[in-house]
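Step one of this worksheet: look at the structure below.
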Amino acid sequence: MSETNFASAEDKMFARVEAGMKRRRAAEKRFQWYGRCAVALGLTFLVVLFVSIVSNGYTAFWQTRVTLDVTLDASVIDPQGSRDPEVLRAADYGGLIKATLRDMFPDVTGRRDRFALYGLISNGAAFDLRDRVLANPQLIGTTVSLSVAADDDVDMLMKGHIDRDGAEADRRIKDNQLGWIDQLQADGRLERVFNLDFFANGDSRDPELAGIRGALMGSVFTLVVTLALSFPLAVAAAVYLEEFAPKNRWTDLIEVNINNLAAVPSIVFGLLGLAVFINFFTLPRSAPLVGGLVLTLMTLPTIIIASRASLKSVPPSIREGALGVGASPMQAVMYHVLPLAMPGMLTGTIIGMAQALGETAPLLMIGMVAFIADVPNGVFDPSTVLPVQIYLWADSPERAYVEKTSAAILVLLLFLATMNAVAVLLRRRFERRW
Amino acid sequence: MNQTALLVVLLLTLSSLAYHFGRKRAFAVSGGRIRTLHSLPAYYGLYSALWSILPALAVTAIWLAMQDSVITGMVVAALPPDLSGLEPARLNLLLNDIRNLVAGNIVSSQPSADVLAAADRYRSLQGTSGFALFTTALGLAAAGAWFGYSRIRPEYRSRNAVERTVMWVLIGCSTIAILTTVGIVLSVLFESIRFFHAVPVTDFLFGLDWSPQIAIRADQAGSSGAFGAVPLFAGTMLITLIAMVVAVPIGLMSAIYLAEYASARMRSIAKPLLEVLAGIPTVVYGFFAALMVAPFIRDSGALFGLDIASESAMAAGLVMGVMIIPFVSSLSDDVINAVPQSLRDGAYGMGATQSETIRRVIFPAALPGIVGAVLLAVSRAIGETMIVVMAAGLAAKLTANPFEAVTTVTVQIVTLLVGDQEFDSPKTLAAFALGLLLFFVTLVLNVFALYIVRKYREQYE
């Protein structure tokens with residue numbers, strides 16, 4: 001009697017545990033799936049980001065160009081026949097291009113139609129022609145075949161970003177322009193070539209002429225200033241704090257400061273740069289020098305922290321060995337510890353530089369956001385940097401700038417990837433386990 | 001500026017000469033027996049080189065910093081009384097004209113004879129100052145080199161002297177972090193104090209209306225300008241909240257999965273890939289938010305008949321959350337890995353499943369660290385600028401609806417300061433007041449979070 005009772009109680013318990021186990025196993029499965037989903041979501045965001053930028057941007061590396069046969073009429077370019085460069089420079093090349101277009105489409109009359117026709121060709125065509133003539137004045141009087149950039153709307157049409165079948169009123173390319181473009185294409189005068197302008201030009205209000213050269217050079221100058229200042233400063237600070245500093249209030253204060261500066265929003269560094277470098281020291285606005293100074297202050301904590309970690313990983317036996325054979329503490333650090341810690345410091349520096357290369361907000365504060373068409377030649381020239389250029393283009397309404405922005409992002413990401421790859425390689429190559 | 005570069009090059013040449021001769025002299029005074037020298041010969045060379053370059057460089061730096069204001073003062077003193085008696089703002093404009101004339105730039109108006117004379121004076125003073133600087137610095141360098149050179153004796157402890165100098169340089173470099181903090185605090189504080197003279201602190205902190213437009217003439221509409229920052233705080237909080245709702249669960253769960261479940265192979269692939277998200281510049285996220293996510297949200301809202309602003313807080317918040325995922329996940333990963341294995345083993349020994357161990361044992365043990373990580377992430381989100389500048393709105397609106405456009409503190413700082421403004425209008429100064437606030441809030445969050453994290457780490461060490 002009591003035995004059966006006991007058995008049934010045991011069974012009950014087993015049944016309960018069994019039921020509980022089922023629930024618990026299901027919970028375990030669910031929990032694992034949450035984790036998997038979280039990782040997958042994170043990676044999906046990454047993929048979506050890259051796919052959307054690449055698919056928007058890769059077309060910007062090609063450009064639609066139109067081949068024109070321009071007759072270089074001597075009476076227009078150089079009526080006196082002096083071949084004086086000043087005269088050649090001032091001639092009406094835009095008029096020549098327009099005349100060529102009129103000759104190609106003789107049935108286009110009317111002011112508005114002609115304007116629409118001229119609009120197919122980039123404003124830069126006249127400058128291309130001028131440079132060609134200036135380089136070789138013998139061409140005057142002959143007919144040259146000139147490949148010029150098409151207007152950005154034509155380019156967008158050829159790349160399929162403008163819908164041919166949409167209502168004419170919402171279309172940037174009108175029906176008559178479509179006809180001319182088709183004719184140009186039928187004549188084999190339209191071609192798609194690698195977009196050299198994108199890498200050779202500075203910024204421009206005309207999307208087809210806008211390039212990243214100016215921003216790229218600005219970034220280079222800014223980074224050179226940053227590197228030249230932040231690397232020695234950070235290494236010196238790290239060496240002092242890690243190797244020589246006594247443990248007291250003052251060094252504690254420095255340490256807390258460094259840790260906090262690493263987490264201060266970057267825009268605050270921009271405010272500092274504006275108030276101190278520009279308003280107090282009256283350094284030039286928009287200059288890579290000021291940008292470099294601001295980014296130095298911003299990246300210093302990162303590099304100092306990495307350098308200290310690197311110094312810390314050098315085993316004490318190295319120092320003791322050096323001290324044992326009679327080196328002074330300074331000599332032990334300079335000749336023995338520092339060389340061993342250098343790869344780690346360089347890795348930290350490259351990561352800091354990558355951070356500086358991608359930084360935008362503080363540079364907006366110090367005026368590196370102006371529209372600057374010239375390519376800067378030094379650290380005092382007004383310039384902009386790659387991320388700011390991306391910001392500026394992203395704000396521009398023309399469809400063609402979406403493509404340019406994505407392409408500029410691709411270039412920026414390429415640089416960042418290279419820098420990080422170098423850092424990883426450096427770490428792999430020189431990482432030592434003691 | 002090229003002159004300065006030339007001067008520096010000359011000074012460097014002089015000091016390397018000093019090094020060379022100092023070293024030679026050390027050999028000479030030792031009479032060929034280096035053993036009799038206290039330090040290695042190179043230290044004697046370095047000793048004279050340092051004597052040659054450091055004083056000269058210091059003088060050059062001070063000179064260059066002072067030069068402008070001294071010359072300006074002298075030019076102003078020499079101006080005819082009707083010009084030098086102008087009010088400060090006008091005088092500044094005049095000085096700008098003079099400087100532009102000196103630099104050969106275009107000036108605002110046809111310069112008068114007095115201004116031209118002043119520009120000439122400025123130019124000649126500049127020339128004199130440059131020449132004087134050259135002779136002084138080079139003279140000092142030569143004198144310093146000679147002084148160092150003359151002190152070289154076999155028993156002179158030049159290594160100690162050199163090392164002392166190097167040590168001071170190292171100490172100097174390490175104080176830059178403090179100088180930066182002081183610089184930040186002073187620069188935003190001074191401008192903020194000027195702002196609070198124009199606008200009371202209470203209006204700024206508790207005002208519900210933000211429209212920083214100040215009319216140029218007194219009779220224009222909206223001439224007062226309102227600087228109530230509450231809508232900005234609300235907007236910042238809203239976007240930060242959305243970002244955290246995205247980032248915390250995803251970041252935390254992926255950290256848990258990668259730390260506890262994933263195979264070593266998967267971990268070695270997924271972890272760096274997730275960290276790529278942290279390396280992407282914020283301007284790229286901003287572009288992504290403004291051009292892809294915002295239209296997508298707006299269009300999908302339209303499908304359900306919702307009217308969603310194209311600069312909705314949702315788009316900015318979502319993308320910011322994505323940006324912060326790796327931040328949360330790598331910090332939580334550290335924290336989870338720091339939980340001692342014995343706690344896990346204990347839970348398994350009691351028959352707990354892995355997820356039960358994680359939820360009931362590891363998570364509570366790691367909670368302080370995770371809270372610290374989340375606080376750091378919040379401070380990141382508050383200070384994040386580019387995403388919100390590109391994807392959030394400009395108009396300050398007090399709303400909790402994530403589908404409406406709101407603006408944030410950082411957006412306002414950027415819009416107030418980008419472009420040409422008078423530097424002392426309340427509009428510009430307001431940006432500094434916002435900056436002060438931003439600095440203060442993120443500082444408190446960071447200090448608190450770092451404190452929690454450290455406290456927690458000590459607990460298990």
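Labeling convention for the structure tokens: chains A, B, ... as they appear, residues from 1 per chain, ligands from 1 in order of appearance.
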
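Residue-level contact on chain B: within 6 Å of chain A, counting only C-alpha atoms, the set is Leu170, Cys173, Ser174, Ala177, Ile184, Ser187, Ile250, Met253, Ser254, Tyr257, Pro281, Ser355 and Gly383 of chain B.
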
*d(atom CA of Thr180 of chain B, atom CA of Val230 of chain B) in Å*: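 Spanning atom CA of Thr180 of chain B to atom CA of Val230 of chain B is a straight-line distance of 29.1 Å.
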
*Residue neighbourhood Ala65 of chain B, 12 Å, only C-alpha atoms, exclusion window fewer than 4 positions, as a PyMOL selection string*: (chain A and resi 277+280-283) or (chain B and resi 58-61+69-71)

Selection to disk with N, CA and C atoms, as a short mmCIF file (atom, residue, chain, number, x, y, z; two decimals), in the first residue's frame:
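As written to disk, selection_15.cif reads:
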```cif
data_model
loop_
_atom_site.label_atom_id
_atom_site.label_comp_id
_atom_site.auth_asym_id
_atom_site.auth_seq_id
_atom_site.Cartn_x
_atom_site.Cartn_y
_atom_site.Cartn_z
N PHE A 277 42.53 78.05 -30.78
CA PHE A 277 43.46 78.19 -31.91
C PHE A 277 43.04 79.33 -32.84
N PHE A 280 41.88 82.82 -30.20
CA PHE A 280 42.91 83.32 -29.30
C PHE A 280 44.25 83.46 -30.01
N PHE A 281 44.67 82.40 -30.69
CA PHE A 281 45.97 82.46 -31.37
C PHE A 281 45.84 82.99 -32.80
N THR A 282 44.62 83.31 -33.23
CA THR A 282 44.34 83.82 -34.58
C THR A 282 45.05 83.05 -35.69
N LEU A 283 45.02 81.73 -35.58
CA LEU A 283 45.51 80.93 -36.70
C LEU A 283 44.45 80.97 -37.80
N ALA B 58 62.88 78.30 -27.40
CA ALA B 58 61.94 78.90 -26.46
C ALA B 58 61.74 80.37 -26.80
N VAL B 59 62.86 81.07 -27.04
CA VAL B 59 62.75 82.50 -27.37
C VAL B 59 61.95 82.67 -28.65
N THR B 60 62.22 81.82 -29.66
CA THR B 60 61.50 81.94 -30.93
C THR B 60 60.00 81.77 -30.71
N ALA B 61 59.63 80.77 -29.93
CA ALA B 61 58.21 80.50 -29.72
C ALA B 61 57.54 81.69 -29.04
N SER B 69 50.67 90.87 -31.46
CA SER B 69 50.00 91.86 -30.62
C SER B 69 50.89 93.07 -30.40
N VAL B 70 52.20 92.85 -30.29
CA VAL B 70 53.10 93.98 -30.08
C VAL B 70 53.07 94.90 -31.31
N ILE B 71 53.20 94.29 -32.49
CA ILE B 71 53.20 95.11 -33.70
C ILE B 71 51.88 95.85 -33.85
#
```

*Using DSSP on the backbone coordinates, identify all residues within segment 154-361 of chain A classified as alpha helix (DSSP H); present the result as number ranges by chain.*
A: 154-158, 175-186, 197-200, 213-239, 249-261, 266-272, 288-312, 316-324, 329-332, 338-358, 361

Selected residues written out, C-alpha atoms, as a short mmCIF file (atom, residue, chain, number, x, y, z; two decimals), in the first residue's frame:
```cif
data_model
loop_
_atom_site.label_atom_id
_atom_site.label_comp_id
_atom_site.auth_asym_id
_atom_site.auth_seq_id
_atom_site.Cartn_x
_atom_site.Cartn_y
_atom_site.Cartn_z
CA VAL A 154 22.96 63.14 -69.17
CA ASP A 155 25.32 61.04 -67.11
CA MET A 156 22.50 60.09 -64.75
CA LEU A 157 20.29 59.18 -67.69
CA MET A 158 22.95 56.95 -69.20
CA ASP A 175 11.94 64.91 -74.52
CA ASN A 176 13.86 66.99 -77.06
CA GLN A 177 17.08 66.42 -75.13
CA LEU A 178 16.33 62.68 -75.10
CA GLY A 179 16.15 62.78 -78.90
CA TRP A 180 19.51 64.50 -79.21
CA ILE A 181 21.10 62.13 -76.77
CA ASP A 182 19.79 59.14 -78.73
CA GLN A 183 21.21 60.68 -81.90
CA LEU A 184 24.59 61.26 -80.24
CA GLN A 185 24.56 57.67 -79.09
CA ALA A 186 23.63 56.43 -82.56
CA ASP A 197 38.17 63.78 -63.16
CA PHE A 198 36.92 62.34 -59.90
CA PHE A 199 40.47 61.82 -58.72
CA ALA A 200 42.06 64.83 -60.43
CA ARG A 213 41.52 65.55 -55.00
CA GLY A 214 41.18 68.71 -52.90
CA ALA A 215 39.61 66.87 -49.99
CA LEU A 216 42.12 64.07 -50.24
CA MET A 217 45.07 66.47 -50.14
CA GLY A 218 43.43 68.31 -47.24
CA SER A 219 43.13 65.02 -45.39
CA VAL A 220 46.75 64.21 -46.12
CA PHE A 221 48.01 67.55 -44.82
CA THR A 222 45.80 67.35 -41.75
CA LEU A 223 46.95 63.83 -40.98
CA VAL A 224 50.60 64.76 -41.45
CA VAL A 225 50.24 67.53 -38.88
CA THR A 226 48.37 65.18 -36.55
CA LEU A 227 50.93 62.43 -36.88
CA ALA A 228 53.92 64.75 -36.49
CA LEU A 229 52.52 66.15 -33.27
CA SER A 230 50.63 63.31 -31.66
CA PHE A 231 53.13 60.48 -32.05
CA PRO A 232 56.09 62.08 -30.25
CA LEU A 233 53.86 63.71 -27.65
CA ALA A 234 51.98 60.50 -26.93
CA VAL A 235 55.08 58.34 -26.75
CA ALA A 236 56.79 60.80 -24.42
CA ALA A 237 53.73 61.04 -22.20
CA ALA A 238 53.30 57.27 -22.11
CA VAL A 239 56.97 56.68 -21.30
CA ARG A 249 48.04 62.88 -6.71
CA TRP A 250 49.46 64.66 -9.73
CA THR A 251 50.00 61.53 -11.83
CA ASP A 252 46.62 60.19 -10.72
CA LEU A 253 45.08 63.41 -11.97
CA ILE A 254 46.85 63.04 -15.31
CA GLU A 255 45.65 59.48 -15.62
CA VAL A 256 42.01 60.31 -14.85
CA ASN A 257 42.26 63.16 -17.34
CA ILE A 258 43.52 60.95 -20.12
CA ASN A 259 40.80 58.38 -19.57
CA ASN A 260 38.13 61.05 -19.59
CA LEU A 261 39.46 62.86 -22.62
CA SER A 266 34.64 65.01 -30.49
CA ILE A 267 32.60 68.13 -31.14
CA VAL A 268 33.81 69.55 -27.83
CA PHE A 269 37.36 69.41 -29.19
CA GLY A 270 36.05 71.45 -32.12
CA LEU A 271 34.78 74.10 -29.70
CA LEU A 272 38.19 74.12 -28.03
CA PRO A 288 44.82 71.84 -42.19
CA LEU A 289 47.21 73.13 -39.51
CA VAL A 290 44.36 73.92 -37.13
CA GLY A 291 42.56 70.74 -38.11
CA GLY A 292 45.70 68.78 -37.33
CA LEU A 293 46.07 70.50 -33.95
CA VAL A 294 42.50 69.70 -32.97
CA LEU A 295 42.77 66.11 -34.12
CA THR A 296 46.06 65.79 -32.24
CA LEU A 297 44.38 66.68 -28.99
CA MET A 298 41.57 64.29 -29.85
CA THR A 299 43.75 61.29 -30.74
CA LEU A 300 46.37 61.79 -28.01
CA PRO A 301 44.45 59.85 -25.34
CA THR A 302 43.93 56.89 -27.70
CA ILE A 303 47.60 56.70 -28.58
CA ILE A 304 48.77 57.27 -25.01
CA ILE A 305 46.56 54.47 -23.73
CA ALA A 306 47.76 52.07 -26.45
CA SER A 307 51.40 53.04 -25.89
CA ARG A 308 51.13 52.48 -22.17
CA ALA A 309 49.63 49.05 -22.72
CA SER A 310 52.50 48.28 -25.05
CA LEU A 311 55.10 49.45 -22.53
CA LYS A 312 53.39 47.46 -19.83
CA PRO A 316 60.47 43.73 -16.14
CA SER A 317 63.38 41.38 -16.73
CA ILE A 318 64.42 43.49 -19.74
CA ARG A 319 64.67 46.58 -17.54
CA GLU A 320 66.41 44.71 -14.77
CA GLY A 321 68.90 43.22 -17.20
CA ALA A 322 69.76 46.63 -18.56
CA LEU A 323 70.04 48.16 -15.10
CA GLY A 324 72.15 45.21 -14.00
CA PRO A 329 67.03 54.09 -15.88
CA MET A 330 66.72 56.47 -18.81
CA GLN A 331 69.12 54.38 -20.88
CA ALA A 332 67.29 51.19 -20.00
CA LEU A 338 61.17 51.49 -26.05
CA PRO A 339 62.34 49.52 -29.11
CA LEU A 340 60.47 46.45 -27.86
CA ALA A 341 57.33 48.48 -27.23
CA MET A 342 57.53 50.33 -30.54
CA PRO A 343 55.40 47.98 -32.69
CA GLY A 344 52.55 48.21 -30.20
CA MET A 345 52.89 51.98 -30.10
CA LEU A 346 52.84 52.16 -33.89
CA THR A 347 49.73 50.01 -33.99
CA GLY A 348 48.03 52.34 -31.54
CA THR A 349 49.15 55.33 -33.57
CA ILE A 350 47.75 53.92 -36.81
CA ILE A 351 44.43 53.24 -35.12
CA GLY A 352 44.45 56.78 -33.78
CA MET A 353 45.21 58.10 -37.25
CA ALA A 354 42.35 56.07 -38.73
CA GLN A 355 40.07 57.63 -36.14
CA ALA A 356 41.37 61.07 -37.08
CA LEU A 357 40.88 60.39 -40.78
CA GLY A 358 37.21 59.57 -40.28
CA ALA A 361 32.40 67.09 -36.34
#
```
